[in-house]
$ cat target.cif   # mmCIF, C-alpha atoms
data_query
loop_
_atom_site.group_PDB
_atom_site.id
_atom_site.type_symbol
_atom_site.label_atom_id
_atom_site.label_comp_id
_atom_site.auth_asym_id
_atom_site.auth_seq_id
_atom_site.Cartn_x
_atom_site.Cartn_y
_atom_site.Cartn_z
ATOM 1 C CA MET A 204 9.058 32.108 41.794
ATOM 2 C CA ARG A 205 8.817 28.398 42.265
ATOM 3 C CA SER A 206 5.225 28.230 40.988
ATOM 4 C CA ARG A 207 6.214 30.333 37.941
ATOM 5 C CA PHE A 208 8.987 27.804 37.242
ATOM 6 C CA HIS A 209 6.500 24.939 37.603
ATOM 7 C CA GLY A 210 4.070 26.745 35.298
ATOM 8 C CA ARG A 211 6.763 27.064 32.619
ATOM 9 C CA ALA A 212 7.847 23.464 33.130
ATOM 10 C CA ASN A 213 4.251 22.283 32.794
ATOM 11 C CA ALA A 214 3.791 24.355 29.647
ATOM 12 C CA ALA A 215 6.976 22.831 28.220
ATOM 13 C CA VAL A 216 5.731 19.325 29.030
ATOM 14 C CA VAL A 217 2.369 20.076 27.395
ATOM 15 C CA LEU A 218 4.119 21.454 24.296
ATOM 16 C CA ALA A 219 6.397 18.392 24.126
ATOM 17 C CA LEU A 220 3.384 16.090 24.440
ATOM 18 C CA LEU A 221 1.535 17.992 21.712
ATOM 19 C CA ALA A 222 4.579 17.770 19.442
ATOM 20 C CA ALA A 223 4.890 14.037 20.138
ATOM 21 C CA CYS A 224 1.189 13.510 19.425
ATOM 22 C CA SER A 225 1.385 15.440 16.159
ATOM 23 C CA GLY A 226 4.404 13.308 15.186
ATOM 24 C CA ILE A 227 2.450 10.106 15.853
ATOM 25 C CA SER A 228 -0.507 11.495 13.926
ATOM 26 C CA ALA A 229 1.726 12.451 10.982
ATOM 27 C CA ARG A 230 3.231 8.955 10.900
ATOM 28 C CA GLN A 231 -0.231 7.372 11.127
ATOM 29 C CA HIS A 232 -1.529 9.382 8.214
ATOM 30 C CA ALA A 233 1.565 9.283 6.002
ATOM 31 C CA GLN A 234 0.479 6.095 4.293
ATOM 32 C CA LEU A 235 -3.162 7.004 3.785
ATOM 33 C CA PRO A 236 -2.739 8.263 0.174
ATOM 34 C CA THR A 237 -1.106 4.943 -0.811
ATOM 35 C CA MET A 238 -3.798 2.966 0.990
ATOM 36 C CA ARG A 239 -6.498 5.065 -0.717
ATOM 37 C CA LEU A 240 -5.005 4.447 -4.148
ATOM 38 C CA ALA A 241 -4.643 0.690 -3.582
ATOM 39 C CA TRP A 242 -8.139 0.547 -2.076
ATOM 40 C CA SER A 243 -9.716 2.075 -5.190
ATOM 41 C CA ALA A 244 -8.561 -1.027 -7.103
ATOM 42 C CA LEU A 245 -9.454 -3.402 -4.263
ATOM 43 C CA ALA A 246 -12.976 -1.948 -3.962
ATOM 44 C CA ALA A 247 -13.619 -2.900 -7.608
ATOM 45 C CA GLU A 248 -12.382 -6.440 -6.874
ATOM 46 C CA VAL A 249 -14.636 -6.602 -3.790
ATOM 47 C CA GLU A 250 -17.677 -5.597 -5.901
ATOM 48 C CA THR A 251 -16.861 -8.240 -8.522
ATOM 49 C CA GLY A 252 -16.565 -10.806 -5.715
ATOM 50 C CA VAL A 253 -19.950 -9.813 -4.277
ATOM 51 C CA VAL A 254 -21.660 -10.073 -7.689
ATOM 52 C CA VAL A 255 -20.093 -13.474 -8.460
ATOM 53 C CA ASP A 256 -20.625 -14.971 -4.987
ATOM 54 C CA SER A 257 -24.248 -13.753 -4.962
ATOM 55 C CA ALA A 258 -24.878 -15.314 -8.371
ATOM 56 C CA ALA A 259 -23.307 -18.568 -7.194
ATOM 57 C CA GLY A 260 -25.477 -18.610 -4.065
ATOM 58 C CA LYS A 261 -22.435 -18.316 -1.769
ATOM 59 C CA LEU A 262 -23.636 -14.961 -0.462
ATOM 60 C CA ASP A 263 -27.265 -14.154 0.414
ATOM 61 C CA ALA A 264 -28.795 -10.675 0.032
ATOM 62 C CA ALA A 265 -28.013 -9.722 3.634
ATOM 63 C CA GLY A 266 -24.401 -10.894 3.270
ATOM 64 C CA ALA A 267 -24.001 -8.960 0.018
ATOM 65 C CA ALA A 268 -25.420 -5.814 1.647
ATOM 66 C CA LEU A 269 -23.041 -6.224 4.588
ATOM 67 C CA VAL A 270 -19.962 -6.502 2.342
ATOM 68 C CA ARG A 271 -21.078 -3.565 0.183
ATOM 69 C CA ALA A 272 -21.679 -1.421 3.280
ATOM 70 C CA ALA A 273 -18.220 -2.370 4.591
ATOM 71 C CA SER A 274 -16.643 -1.475 1.247
ATOM 72 C CA ALA A 275 -18.410 1.907 1.163
ATOM 73 C CA GLY A 276 -17.450 2.439 4.804
ATOM 74 C CA MET A 277 -13.791 1.722 4.057
ATOM 75 C CA THR A 278 -13.820 4.166 1.115
ATOM 76 C CA GLN A 279 -15.388 6.868 3.265
ATOM 77 C CA ALA A 280 -13.073 6.274 6.250
ATOM 78 C CA LEU A 281 -9.915 6.232 4.098
ATOM 79 C CA ASN A 282 -10.973 9.436 2.339
ATOM 80 C CA ALA A 283 -11.714 11.091 5.677
ATOM 81 C CA GLY A 284 -8.521 9.738 7.279
ATOM 82 C CA ASP A 285 -10.666 8.318 10.067
ATOM 83 C CA PRO A 286 -8.780 5.543 11.944
ATOM 84 C CA ALA A 287 -11.873 4.482 13.956
ATOM 85 C CA GLY A 288 -13.912 4.207 10.762
ATOM 86 C CA ILE A 289 -11.164 2.165 9.093
ATOM 87 C CA ALA A 290 -10.892 -0.143 12.115
ATOM 88 C CA ALA A 291 -14.680 -0.601 12.201
ATOM 89 C CA GLN A 292 -14.810 -2.310 8.790
ATOM 90 C CA PRO A 293 -14.746 -6.135 8.742
ATOM 91 C CA TRP A 294 -11.518 -6.633 6.772
ATOM 92 C CA SER A 295 -11.813 -10.436 6.641
ATOM 93 C CA LEU A 296 -15.105 -10.135 4.700
ATOM 94 C CA LEU A 297 -13.629 -7.523 2.355
ATOM 95 C CA LYS A 298 -10.530 -9.644 1.743
ATOM 96 C CA ALA A 299 -12.631 -12.744 1.009
ATOM 97 C CA SER A 300 -14.708 -10.813 -1.554
ATOM 98 C CA ALA A 301 -11.628 -9.179 -3.148
ATOM 99 C CA THR A 302 -10.001 -12.603 -3.516
ATOM 100 C CA ALA A 303 -13.233 -14.028 -4.975
ATOM 101 C CA GLY A 304 -13.316 -11.085 -7.414
ATOM 102 C CA ILE A 305 -9.745 -11.732 -8.571
ATOM 103 C CA GLU A 306 -10.493 -15.423 -9.081
ATOM 104 C CA ALA A 307 -13.685 -14.547 -10.987
ATOM 105 C CA ASP A 308 -11.749 -12.186 -13.264
ATOM 106 C CA PHE A 309 -9.335 -15.035 -13.970
ATOM 107 C CA ALA A 310 -12.154 -17.525 -14.568
ATOM 108 C CA SER A 311 -13.797 -15.126 -17.053
ATOM 109 C CA LYS A 312 -10.399 -14.567 -18.772
ATOM 110 C CA LYS A 313 -10.475 -10.854 -17.966
ATOM 111 C CA VAL A 314 -6.990 -11.399 -16.542
ATOM 112 C CA GLY A 315 -4.432 -14.051 -17.388
ATOM 113 C CA PRO A 316 -3.032 -16.595 -14.912
ATOM 114 C CA GLY A 317 0.263 -14.675 -14.620
ATOM 115 C CA VAL A 318 -1.589 -11.525 -13.498
ATOM 116 C CA VAL A 319 -3.324 -13.172 -10.527
ATOM 117 C CA PRO A 320 -0.238 -13.346 -8.206
ATOM 118 C CA SER A 321 0.339 -9.575 -8.597
ATOM 119 C CA LEU A 322 -3.308 -8.778 -7.799
ATOM 120 C CA LYS A 323 -3.236 -11.076 -4.749
ATOM 121 C CA ALA A 324 0.082 -9.578 -3.602
ATOM 122 C CA ARG A 325 -1.603 -6.135 -3.556
ATOM 123 C CA VAL A 326 -4.400 -7.486 -1.326
ATOM 124 C CA ASP A 327 -1.786 -8.921 1.083
ATOM 125 C CA ALA A 328 0.258 -5.690 1.049
ATOM 126 C CA PHE A 329 -2.891 -3.661 1.795
ATOM 127 C CA GLU A 330 -3.701 -6.003 4.678
ATOM 128 C CA ALA A 331 -0.184 -5.558 6.133
ATOM 129 C CA ALA A 332 -0.365 -1.757 5.734
ATOM 130 C CA LEU A 333 -3.820 -1.717 7.330
ATOM 131 C CA SER A 334 -2.556 -3.749 10.259
ATOM 132 C CA LYS A 335 0.415 -1.394 10.775
ATOM 133 C CA PHE A 336 -1.850 1.648 10.475
ATOM 134 C CA LEU A 337 -4.247 0.292 13.106
ATOM 135 C CA GLU A 338 -1.392 -0.708 15.432
ATOM 136 C CA ARG A 339 -0.348 2.950 15.592
ATOM 137 C CA THR A 340 -3.890 4.144 16.244
ATOM 138 C CA MET B 176 29.868 -11.068 -8.906
ATOM 139 C CA THR B 177 26.907 -12.818 -10.564
ATOM 140 C CA MET B 178 24.652 -10.923 -12.932
ATOM 141 C CA ALA B 179 21.757 -11.107 -10.424
ATOM 142 C CA ASN B 180 23.939 -9.576 -7.708
ATOM 143 C CA ASP B 181 25.093 -6.916 -10.133
ATOM 144 C CA VAL B 182 21.501 -5.990 -11.017
ATOM 145 C CA ALA B 183 20.539 -5.944 -7.315
ATOM 146 C CA LYS B 184 23.453 -3.617 -6.491
ATOM 147 C CA GLN B 185 22.593 -1.286 -9.375
ATOM 148 C CA LEU B 186 18.949 -1.191 -8.329
ATOM 149 C CA GLU B 187 19.873 -0.524 -4.712
ATOM 150 C CA SER B 188 22.169 2.299 -5.745
ATOM 151 C CA MET B 189 19.521 3.796 -8.058
ATOM 152 C CA ILE B 190 16.849 3.690 -5.335
ATOM 153 C CA ALA B 191 19.250 5.083 -2.708
ATOM 154 C CA ASP B 192 20.127 7.970 -5.052
ATOM 155 C CA ALA B 193 16.449 8.644 -5.757
ATOM 156 C CA LEU B 194 15.603 8.677 -2.038
ATOM 157 C CA LYS B 195 18.538 10.985 -1.293
ATOM 158 C CA GLU B 196 17.854 13.332 -4.201
ATOM 159 C CA THR B 197 14.148 13.702 -3.553
ATOM 160 C CA GLY B 198 14.213 13.544 0.245
ATOM 161 C CA ALA B 199 11.336 11.053 0.091
ATOM 162 C CA GLN B 200 10.743 9.160 3.319
ATOM 163 C CA ALA B 201 10.531 5.376 3.089
ATOM 164 C CA SER B 202 10.205 2.996 6.008
ATOM 165 C CA MET B 203 12.295 0.447 4.089
ATOM 166 C CA SER B 204 16.001 0.572 3.196
ATOM 167 C CA ALA B 205 17.094 0.969 -0.427
ATOM 168 C CA LYS B 206 18.515 -2.573 -0.245
ATOM 169 C CA ASP B 207 15.164 -4.029 0.881
ATOM 170 C CA MET B 208 13.336 -1.984 -1.765
ATOM 171 C CA ALA B 209 15.662 -3.403 -4.429
ATOM 172 C CA VAL B 210 14.813 -6.921 -3.215
ATOM 173 C CA GLU B 211 11.089 -6.089 -3.433
ATOM 174 C CA VAL B 212 11.503 -4.649 -6.945
ATOM 175 C CA GLN B 213 13.126 -7.915 -8.018
ATOM 176 C CA ALA B 214 10.297 -9.937 -6.442
ATOM 177 C CA SER B 215 7.765 -7.725 -8.289
ATOM 178 C CA ALA B 216 9.603 -8.204 -11.573
ATOM 179 C CA ALA B 217 9.714 -11.971 -11.047
ATOM 180 C CA ARG B 218 5.928 -12.047 -10.491
ATOM 181 C CA LEU B 219 5.293 -9.776 -13.472
ATOM 182 C CA SER B 220 7.497 -11.767 -15.821
ATOM 183 C CA GLY B 221 4.789 -14.449 -15.782
ATOM 184 C CA ALA B 222 2.162 -11.919 -16.858
ATOM 185 C CA VAL B 223 3.857 -10.505 -19.963
ATOM 186 C CA GLY B 224 1.506 -10.550 -22.952
ATOM 187 C CA GLN B 225 -1.473 -11.647 -20.874
ATOM 188 C CA ALA B 226 -4.817 -9.903 -20.419
ATOM 189 C CA GLY B 227 -4.623 -7.511 -17.465
ATOM 190 C CA TYR B 228 -0.844 -6.955 -17.653
ATOM 191 C CA ASP B 229 -1.232 -3.186 -17.107
ATOM 192 C CA GLU B 230 -3.315 -3.789 -13.991
ATOM 193 C CA ALA B 231 -0.667 -6.241 -12.740
ATOM 194 C CA LEU B 232 1.993 -3.534 -13.197
ATOM 195 C CA ARG B 233 -0.175 -1.052 -11.253
ATOM 196 C CA ALA B 234 -0.733 -3.697 -8.562
ATOM 197 C CA GLU B 235 3.032 -4.229 -8.216
ATOM 198 C CA ARG B 236 3.585 -0.469 -7.947
ATOM 199 C CA ASP B 237 0.900 -0.244 -5.229
ATOM 200 C CA THR B 238 2.340 -3.263 -3.403
ATOM 201 C CA LEU B 239 5.826 -1.789 -3.339
ATOM 202 C CA ALA B 240 4.609 1.632 -2.220
ATOM 203 C CA LEU B 241 2.507 0.026 0.550
ATOM 204 C CA LYS B 242 5.437 -2.087 1.743
ATOM 205 C CA ALA B 243 7.931 0.771 1.569
ATOM 206 C CA GLY B 244 5.587 3.171 3.359
ATOM 207 C CA LEU B 245 5.667 5.661 0.496
ATOM 208 C CA LYS B 246 2.942 8.253 0.204
ATOM 209 C CA LEU B 247 2.601 7.862 -3.559
ATOM 210 C CA VAL B 248 1.388 9.609 -6.565
ATOM 211 C CA THR B 249 -0.338 12.849 -5.657
ATOM 212 C CA ALA B 250 0.807 16.292 -6.678
ATOM 213 C CA ALA B 251 1.555 17.119 -3.050
ATOM 214 C CA ASP B 252 3.864 14.125 -2.773
ATOM 215 C CA ALA B 253 6.069 14.865 -5.769
ATOM 216 C CA ALA B 254 9.214 13.432 -4.171
ATOM 217 C CA ASP B 255 7.568 10.101 -3.380
ATOM 218 C CA ALA B 256 5.946 10.100 -6.819
ATOM 219 C CA ARG B 257 9.374 10.419 -8.405
ATOM 220 C CA VAL B 258 10.742 7.485 -6.389
ATOM 221 C CA VAL B 259 7.701 5.397 -7.299
ATOM 222 C CA GLY B 260 8.152 6.380 -10.963
ATOM 223 C CA ILE B 261 11.779 5.247 -10.849
ATOM 224 C CA VAL B 262 10.795 1.996 -9.134
ATOM 225 C CA GLN B 263 8.010 1.378 -11.670
ATOM 226 C CA GLY B 264 10.470 2.006 -14.506
ATOM 227 C CA ALA B 265 12.969 -0.388 -12.911
ATOM 228 C CA ILE B 266 10.296 -3.108 -12.623
ATOM 229 C CA GLY B 267 9.471 -2.634 -16.322
ATOM 230 C CA ILE B 268 13.152 -2.819 -17.334
ATOM 231 C CA LEU B 269 13.738 -5.924 -15.219
ATOM 232 C CA VAL B 270 10.677 -7.655 -16.643
ATOM 233 C CA ALA B 271 11.939 -6.977 -20.159
ATOM 234 C CA ALA B 272 15.348 -8.397 -19.194
ATOM 235 C CA LEU B 273 13.982 -11.589 -17.587
#

$ encode --input "target.cif" --output "structure tokens"
Amino acid sequence: MRSRFHGRANAAVVLALLAACSGISARQHAQLPTMRLAWSALAAEVETGVVVDSAAGKLDAAGAALVRAASAGMTQALNAGDPAGIAAQPWSLLKASATAGIEADFASKKVGPGVVPSLKARVDAFEAALSKFLERT
Amino acid sequence: MTMANDVAKQLESMIADALKETGAQASMSAKDMAVEVQASAARLSGAVGQAGYDEALRAERDTLALKAGLKLVTAADAADARVVGIVQGAIGILVAAL
């Protein structure tokens, strides 16, 4: 009788743990669509930054390949909803290239000076969301 | 009440209604979202008429959705999409008023 009670209690604990884990997982993944959408714009800024920094000699071929691989890796990991893949990408390099891309777009008059703060705010908001996402992982 | 306070209250009420009506889940209160909408509008007001204005508007929408923890514009997330649409409209109206 007692072991049957313990068996039921254990099953209840396992079910509660599973429910808690699925709740954490749901919260972790809730923001992924927003991060994906923002990233699609950021990835274009990263690529512009790589092209401009390479042309200016600030980034050698190996550096450019590293940033491009990180950008592709971030796209793939976000699309797959893979927290480990997202965490594995060197965000500081991606952020530096995205910022360089925004500044290059301003320098080439593709965007006006009043547009730059909004584009940079999106980079910062993505960084904050990324940090929160990884904290929960 | 100053005009800025009045606008903030109206925005807060509009966002609160939208969240309630749609059942969308945000990690930010309607009051904080209204503050963010005003900050977005203030940034955008400097971009009116400039090259890339549309991208700046999209960037502000993304920024707000990221900060508010909204799931954003996919067919499966219609409730969140509606809130984001309302917020984007409010940013546009505020920019025009500034």

$ resolve_selection --input "target.cif" --expression "the PyMOL selection byres ((chain A) within 9 of (chain B))" --output "short mmCIF file (atom, residue, chain, number, x, y, z; two decimals) with C-alpha atoms, in the coordinates of the input"
data_model
loop_
_atom_site.label_atom_id
_atom_site.label_comp_id
_atom_site.auth_asym_id
_atom_site.auth_seq_id
_atom_site.Cartn_x
_atom_site.Cartn_y
_atom_site.Cartn_z
CA ALA A 233 1.56 9.28 6.00
CA GLN A 234 0.48 6.10 4.29
CA LEU A 235 -3.16 7.00 3.78
CA PRO A 236 -2.74 8.26 0.17
CA THR A 237 -1.11 4.94 -0.81
CA MET A 238 -3.80 2.97 0.99
CA LEU A 240 -5.00 4.45 -4.15
CA ALA A 241 -4.64 0.69 -3.58
CA ALA A 244 -8.56 -1.03 -7.10
CA LYS A 312 -10.40 -14.57 -18.77
CA LYS A 313 -10.48 -10.85 -17.97
CA VAL A 314 -6.99 -11.40 -16.54
CA GLY A 315 -4.43 -14.05 -17.39
CA PRO A 316 -3.03 -16.60 -14.91
CA GLY A 317 0.26 -14.68 -14.62
CA VAL A 318 -1.59 -11.52 -13.50
CA VAL A 319 -3.32 -13.17 -10.53
CA PRO A 320 -0.24 -13.35 -8.21
CA SER A 321 0.34 -9.57 -8.60
CA LEU A 322 -3.31 -8.78 -7.80
CA LYS A 323 -3.24 -11.08 -4.75
CA ALA A 324 0.08 -9.58 -3.60
CA ARG A 325 -1.60 -6.14 -3.56
CA VAL A 326 -4.40 -7.49 -1.33
CA ASP A 327 -1.79 -8.92 1.08
CA ALA A 328 0.26 -5.69 1.05
CA PHE A 329 -2.89 -3.66 1.80
CA ALA A 331 -0.18 -5.56 6.13
CA ALA A 332 -0.36 -1.76 5.73
#

$ residues_around --input "target.cif" --residues "Gln279 (chain A)" --least-positions-apart "6" --cutoff "12 Å" --atoms "all atoms listed in the file" --output "PDB file with C-alpha atoms, in the coordinates of the input"
ATOM      1  CA  ARG A 239      -6.498   5.065  -0.717  1.00  0.00           C
ATOM      2  CA  TRP A 242      -8.139   0.547  -2.076  1.00  0.00           C
ATOM      3  CA  SER A 243      -9.716   2.075  -5.190  1.00  0.00           C
ATOM      4  CA  ALA A 246     -12.976  -1.948  -3.962  1.00  0.00           C
ATOM      5  CA  ALA A 272     -21.679  -1.421   3.280  1.00  0.00           C
ATOM      6  CA  ALA A 273     -18.220  -2.370   4.591  1.00  0.00           C
ATOM      7  CA  ASP A 285     -10.666   8.318  10.067  1.00  0.00           C
ATOM      8  CA  PRO A 286      -8.780   5.543  11.944  1.00  0.00           C
ATOM      9  CA  ALA A 287     -11.873   4.482  13.956  1.00  0.00           C
ATOM     10  CA  GLY A 288     -13.912   4.207  10.762  1.00  0.00           C
ATOM     11  CA  ILE A 289     -11.164   2.165   9.093  1.00  0.00           C
ATOM     12  CA  ALA A 291     -14.680  -0.601  12.201  1.00  0.00           C
ATOM     13  CA  GLN A 292     -14.810  -2.310   8.790  1.00  0.00           C
TER      14      GLN A 292
END

$ closest_residue --input "target.cif" --among "B:Asp181, B:Val212, B:Asp192, B:Ala201" --to "Ile268 (chain B)" --atoms "all atoms listed in the file"
B:Val212

$ resolve_selection --input "target.cif" --expression "the PyMOL selection byres ((chain B and resi 208) around 10)" --output "list in words"
Ala183, Leu186, Glu187, Ile190, Ala191, Ala201, Ser202, Met203, Ser204, Ala205, Lys206, Asp207, Ala209, Val210, Glu211, Val212, Gln213, Ala214, Leu239, Ala240, Lys242, Ala243 and Val262 of chain B

$ closest_residue --input "target.cif" --among "A:Val253, A:Ala247, A:Leu269, A:Ala280" --to "Ser300 (chain A)" --atoms "all atoms listed in the file"
A:Val253

$ resolve_selection --input "target.cif" --expression "the PyMOL selection byres ((chain A and resi 303) around 10)" --output "list in words"
Glu248, Val249, Glu250, Thr251, Gly252, Val253, Val254, Val255, Asp256, Leu297, Lys298, Ala299, Ser300, Ala301, Thr302, Gly304, Ile305, Glu306, Ala307, Asp308 and Phe309 of chain A

$ write_last_selection --input "target.cif" --atoms "C-alpha atoms" --output "compact mmCIF listing (two decimals), in the coordinates of the input"
# COMPACT_ATOMS: atom_id res chain seq x y z
CA GLU A 248 -12.38 -6.44 -6.87
CA VAL A 249 -14.64 -6.60 -3.79
CA GLU A 250 -17.68 -5.60 -5.90
CA THR A 251 -16.86 -8.24 -8.52
CA GLY A 252 -16.57 -10.81 -5.72
CA VAL A 253 -19.95 -9.81 -4.28
CA VAL A 254 -21.66 -10.07 -7.69
CA VAL A 255 -20.09 -13.47 -8.46
CA ASP A 256 -20.62 -14.97 -4.99
CA LEU A 297 -13.63 -7.52 2.36
CA LYS A 298 -10.53 -9.64 1.74
CA ALA A 299 -12.63 -12.74 1.01
CA SER A 300 -14.71 -10.81 -1.55
CA ALA A 301 -11.63 -9.18 -3.15
CA THR A 302 -10.00 -12.60 -3.52
CA GLY A 304 -13.32 -11.08 -7.41
CA ILE A 305 -9.74 -11.73 -8.57
CA GLU A 306 -10.49 -15.42 -9.08
CA ALA A 307 -13.68 -14.55 -10.99
CA ASP A 308 -11.75 -12.19 -13.26
CA PHE A 309 -9.34 -15.04 -13.97

$ atom_distance --input "target.cif" --atom1 "CA of Gly266 (chain A)" --atom2 "CA of Leu296 (chain A)"
9.4 Å

$ atom_distance --input "target.cif" --atom1 "CA of Glu196 (chain B)" --atom2 "CA of Gly260 (chain B)"
13.7 Å

$ atom_distance --input "target.cif" --atom1 "CA of Ala267 (chain A)" --atom2 "CA of Ser311 (chain A)"
20.8 Å

$ axis_aligned_box --input "target.cif" --around "region 202-220 of chain B" --padding-each-side "4 Å" --output "AutoDock Vina command-line options"
--center_x 11.9 --center_y -4.5 --center_z -4.9 --size_x 21.2 --size_y 23.0 --size_z 29.8
